[in-house]
$ cat work.txt   # compact mmCIF, C-alpha atoms
# COMPACT_ATOMS: atom_id res chain seq x y z
CA MET W 1278 -8.66 -67.22 -55.09
CA ASN W 1279 -7.13 -70.06 -53.38
CA ILE W 1280 -9.03 -71.54 -50.40
CA GLU W 1281 -5.80 -72.13 -48.59
CA LEU W 1282 -4.99 -68.40 -48.82
CA LEU W 1283 -8.47 -67.44 -47.60
CA LYS W 1284 -8.11 -69.70 -44.53
CA LYS W 1285 -4.77 -68.10 -43.61
CA LEU W 1286 -6.21 -64.62 -44.13
CA ARG W 1287 -9.24 -65.45 -41.99
CA THR W 1288 -7.04 -66.85 -39.22
CA SER W 1289 -4.81 -63.76 -39.20
CA ILE W 1290 -7.86 -61.42 -39.12
CA VAL W 1291 -9.37 -63.35 -36.20
CA LEU W 1292 -6.08 -63.34 -34.27
CA SER W 1293 -5.59 -59.62 -34.96
CA GLY W 1294 -9.13 -58.88 -33.75
CA LEU W 1295 -8.57 -60.90 -30.57
CA MET W 1296 -5.34 -59.01 -29.85
CA VAL W 1297 -6.99 -55.63 -30.40
CA GLY W 1298 -9.86 -56.66 -28.11
CA ALA W 1299 -7.44 -57.82 -25.38
CA MET W 1300 -5.45 -54.60 -25.57
CA THR W 1301 -8.65 -52.52 -25.39
CA LEU W 1302 -9.85 -54.39 -22.31
CA SER W 1303 -6.50 -54.07 -20.54
CA ALA W 1304 -6.37 -50.35 -21.27
CA CYS W 1305 -9.83 -49.79 -19.79
CA GLN W 1306 -9.21 -51.69 -16.58
CA GLN W 1307 -8.62 -49.60 -13.48
CA GLN W 1308 -5.16 -49.84 -12.12
CA GLN W 1309 -4.59 -49.61 -8.44
CA GLU W 1310 -3.13 -46.22 -7.49
CA THR W 1311 -0.31 -46.01 -5.01
CA GLU W 1312 -0.91 -44.15 -1.76
CA PRO W 1313 0.62 -40.64 -1.81
CA SER W 1314 3.64 -40.25 0.39
CA LEU W 1315 3.99 -37.57 3.07
CA GLU W 1316 6.35 -35.58 0.83
CA ASP W 1317 3.80 -35.61 -2.00
CA SER W 1318 1.10 -34.37 0.38
CA ILE W 1319 3.27 -31.52 1.64
CA SER W 1320 4.38 -30.35 -1.82
CA GLU W 1321 0.88 -30.58 -3.27
CA GLU W 1322 -0.81 -27.19 -3.43
CA GLN W 1323 -4.01 -27.11 -1.43
CA SER W 1324 -6.92 -25.20 -2.92
CA VAL W 1325 -8.61 -22.78 -0.55
CA PRO W 1326 -12.07 -21.46 -1.32
CA MET W 1327 -12.06 -17.69 -1.78
CA SER W 1328 -14.79 -15.29 -0.75
CA ALA W 1329 -16.13 -12.79 -3.26
CA GLU W 1330 -16.60 -10.23 -0.49
CA PRO W 1331 -13.75 -7.83 0.36
CA ALA W 1332 -11.95 -8.36 3.62
CA GLU W 1333 -12.93 -6.19 6.55
CA PRO W 1334 -10.15 -3.83 7.65
CA SER W 1335 -8.76 -4.94 10.97
CA ASP W 1336 -7.11 -1.64 11.90
CA VAL W 1337 -8.92 1.68 11.87
CA VAL W 1338 -6.60 4.61 11.26
CA VAL W 1339 -7.51 7.78 13.13
CA ASP W 1340 -5.89 10.89 11.73
CA ALA W 1341 -6.90 13.30 14.48
CA PRO W 1342 -5.13 15.04 17.34
CA ALA W 1343 -5.14 13.22 20.66
CA SER W 1344 -7.34 15.93 22.20
CA GLU W 1345 -10.16 15.01 19.78
CA VAL W 1346 -10.08 11.28 20.52
CA GLU W 1347 -12.62 10.41 23.22
CA ASP W 1348 -11.59 8.48 26.34
CA ASP W 1349 -13.71 5.46 25.42
CA THR W 1350 -12.45 5.33 21.83
CA ILE W 1351 -9.96 2.64 20.89
CA ALA W 1352 -7.51 4.02 18.37
CA SER W 1353 -4.14 3.08 16.96
CA VAL W 1354 -1.72 5.95 16.50
CA ASN W 1355 0.28 6.07 13.29
CA THR W 1356 3.97 5.82 13.94
CA GLY W 1357 6.10 8.61 12.55
CA VAL W 1358 3.31 11.20 12.93
CA ASN W 1359 4.18 14.44 14.68
CA GLN W 1360 1.67 17.26 15.16
CA ILE W 1361 2.89 20.79 16.00
CA SER W 1362 1.07 24.12 16.29
CA TYR W 1363 2.86 27.25 15.05
CA SER W 1364 2.19 30.92 15.61
CA CYS W 1365 3.30 32.95 12.59
CA SER W 1366 4.05 36.56 11.80
CA PRO W 1367 2.17 38.26 10.13
CA ALA W 1368 -0.69 36.80 12.17
CA LEU W 1369 -1.45 33.27 11.07
CA ALA W 1370 -1.96 30.03 12.99
CA VAL W 1371 -0.55 26.90 11.36
CA GLU W 1372 -1.26 23.29 12.39
CA ALA W 1373 1.47 21.06 10.93
CA THR W 1374 1.09 17.30 10.84
CA TYR W 1375 4.36 15.65 9.86
CA LYS W 1376 4.18 12.18 8.32
CA ASP W 1377 7.83 11.21 8.40
CA THR W 1378 7.38 7.77 6.83
CA ASP W 1379 5.68 9.36 3.80
CA ASN W 1380 8.01 12.42 3.71
CA GLN W 1381 4.97 14.70 3.90
CA VAL W 1382 3.56 17.51 6.01
CA ILE W 1383 -0.06 18.63 6.09
CA LEU W 1384 -0.41 22.36 6.79
CA ALA W 1385 -3.82 23.53 8.04
CA THR W 1386 -4.51 27.27 8.23
CA ALA W 1387 -7.53 29.56 8.12
CA GLN W 1388 -6.76 30.02 4.41
CA GLY W 1389 -7.00 26.28 3.69
CA THR W 1390 -5.16 22.98 3.96
CA ALA W 1391 -2.38 21.58 1.78
CA THR W 1392 -0.34 18.37 1.74
CA LEU W 1393 3.30 19.10 0.93
CA THR W 1394 6.00 16.61 -0.09
CA LYS W 1395 9.60 16.78 1.14
CA THR W 1396 11.94 17.89 -1.65
CA ASN W 1397 15.35 17.50 -0.01
CA ASP W 1398 17.29 14.89 1.97
CA ALA W 1399 18.45 17.33 4.62
CA THR W 1400 17.08 17.39 8.15
CA ASN W 1401 18.00 21.02 8.85
CA PRO W 1402 16.23 22.71 7.15
CA GLU W 1403 13.61 20.34 5.84
CA VAL W 1404 11.95 21.69 2.69
CA PHE W 1405 8.40 20.73 1.68
CA GLU W 1406 6.53 21.96 -1.41
CA VAL W 1407 3.27 21.61 -3.31
CA LYS W 1408 2.26 23.19 -6.61
CA THR W 1409 -1.16 24.44 -5.46
CA ALA W 1410 -2.19 27.29 -3.20
CA LEU W 1411 -3.54 26.69 0.33
CA ASP W 1412 -7.10 27.11 -0.95
CA GLY W 1413 -6.51 24.45 -3.64
CA ASP W 1414 -6.37 26.93 -6.54
CA GLU W 1415 -3.41 27.66 -8.82
CA GLY W 1416 -0.23 28.65 -6.99
CA PHE W 1417 2.34 27.09 -4.68
CA VAL W 1418 3.17 26.55 -0.99
CA GLN W 1419 6.67 26.05 0.37
CA TRP W 1420 7.42 25.15 4.00
CA ARG W 1421 10.93 25.22 5.45
CA VAL W 1422 11.30 23.98 9.00
CA ALA W 1423 14.50 24.06 11.05
CA HIS W 1424 16.03 22.52 14.17
CA THR W 1425 15.72 18.93 15.34
CA GLU W 1426 12.49 19.70 17.21
CA ARG W 1427 11.09 21.64 14.23
CA GLU W 1428 10.91 24.76 16.40
CA THR W 1429 10.85 27.36 13.62
CA GLY W 1430 9.49 27.44 10.11
CA VAL W 1431 9.07 29.73 7.14
CA MET W 1432 6.05 29.41 4.86
CA ARG W 1433 6.03 30.98 1.40
CA THR W 1434 2.76 30.92 -0.49
CA ALA W 1435 1.39 32.46 -3.65
CA GLY W 1436 -1.74 32.24 -5.71
CA ALA W 1437 -1.99 32.43 -9.50
CA ASP W 1438 0.35 35.49 -9.48
CA ALA W 1439 3.69 33.83 -8.61
CA ASN W 1440 5.31 37.28 -8.23
CA ASN W 1441 3.02 38.12 -5.29
CA VAL W 1442 4.55 35.83 -2.63
CA SER W 1443 3.45 35.98 1.02
CA THR W 1444 6.09 34.98 3.56
CA TYR W 1445 5.32 33.94 7.15
CA GLU W 1446 7.89 33.38 9.89
CA CYS W 1447 6.57 30.76 12.30
CA LYS W 1448 7.56 29.62 15.77
CA LYS W 1449 6.38 26.60 17.67
CA ALA W 1450 3.46 27.69 19.86
CA GLU W 1451 4.33 27.42 23.57
CA ASP W 1452 0.79 27.07 24.93
CA ALA W 1453 -0.48 24.67 22.28
CA GLU W 1454 -0.59 20.97 23.03
CA THR W 1455 1.71 18.96 20.78
CA VAL W 1456 1.44 15.29 20.08
CA GLU W 1457 4.65 13.52 19.19
CA GLU W 1458 4.68 9.87 18.25
CA ALA W 1459 8.09 8.72 17.06
CA VAL W 1460 7.71 5.07 17.92
$ encode --input "work.txt" --output "structure tokens"
Amino acid sequence: MNIELLKKLRTSIVLSGLMVGAMTLSACQQQQETEPSLEDSISEEQSVPMSAEPAEPSDVVVDAPASEVEDDTIASVNTGVNQISYSCSPALAVEATYKDTDNQVILATAQGTATLTKTNDATNPEVFEVKTALDGDEGFVQWRVAHTERETGVMRTAGADANNVSTYECKKAEDAETVEEAV
């Protein structure tokens, strides 16, 4: 090989090495960051530490008649809840708790309790049904209530034998205390 060619090759290798070294050093140097602007701070999502424990409920829901709530008890009353006592023929007492926001009525009798769902859009009569008997066994319960104040109702109920239907005609009890919250 020619010595002249080796000198040129050595010079180019040295210059290439120096350039690579300079570029490596400039890439590793810290560059001064600009201060974030107010807009950047506002749009930046802030991370908030989360607790692994469930949140404590702030409102306690009491689903009881006003007569059962003690004087020193602090309670919030559900809106759209209306409780009415009915006296039915043949002899049967019915406690109806209407939950208008949920389109439901809870009927409590000596035979049992059932939660019925409204099946029509009408307000007179309102029709509520459930596909279980009052005692929770196989059967059905249907409740039809009429008038704007829900003054009268008809309950049809049957057990496993759907042909053996009991019908009760009910009227709003005059002496019973009613609680109406339509706030």
$ atom_distance --input "work.txt" --atom1 "atom CA of W:Ser1443" --atom2 "atom CA of W:Leu1369"
11.5 Å
$ atom_distance --input "work.txt" --atom1 "atom CA of W:Asp1377" --atom2 "atom CA of W:Ala1450"
20.5 Å
$ atom_distance --input "work.txt" --atom1 "atom CA of W:Val1431" --atom2 "atom CA of W:Ala1373"
12.1 Å
$ closest_residue --input "work.txt" --among "W:Ile1383, W:Val1442, W:Ile1280, W:Ile1290" --to "W:Ser1362" --atoms "all atoms listed in the file"
W:Ile1383
$ closest_residue --input "work.txt" --among "W:Gly1430, W:Gly1298, W:Gly1436, W:Gly1413" --to "W:Ser1366" --atoms "all atoms listed in the file"
W:Gly1430
$ residues_around --input "work.txt" --residues "W:Glu1403" --least-positions-apart "4" --cutoff "7 Å" --atoms "all atoms listed in the file" --output "list of chain:residue names"
W:Asn1397, W:Ala1399, W:Arg1421, W:Val1422, W:Ala1423
$ write_last_selection --input "work.txt" --atoms "C-alpha atoms" --output "JSON list (two decimals), in the coordinates of the input"
[["chain", "number", "residue", "atom", "x", "y", "z"],
["W", 1397, "ASN", "CA", 15.35, 17.50, -0.01],
["W", 1399, "ALA", "CA", 18.45, 17.33, 4.62],
["W", 1421, "ARG", "CA", 10.93, 25.22, 5.45],
["W", 1422, "VAL", "CA", 11.30, 23.98, 9.00],
["W", 1423, "ALA", "CA", 14.50, 24.06, 11.05]]
$ closest_residue --input "work.txt" --among "W:Val1358, W:Val1291, W:Met1300, W:Met1432" --to "W:Thr1386" --atoms "only C-alpha atoms"
W:Met1432
$ residues_around --input "work.txt" --residues "W:Asp1412" --least-positions-apart "4" --cutoff "9 Å" --atoms "all atoms listed in the file" --output "PDB file with C-alpha atoms, in the frame of the given file"
ATOM      1  CA  GLN W1388      -6.760  30.020   4.410  1.00  0.00           C
ATOM      2  CA  GLY W1389      -7.000  26.280   3.690  1.00  0.00           C
ATOM      3  CA  THR W1390      -5.160  22.980   3.960  1.00  0.00           C
ATOM      4  CA  ALA W1391      -2.380  21.580   1.780  1.00  0.00           C
ATOM      5  CA  GLY W1436      -1.740  32.240  -5.710  1.00  0.00           C
TER       6      GLY W1436
END
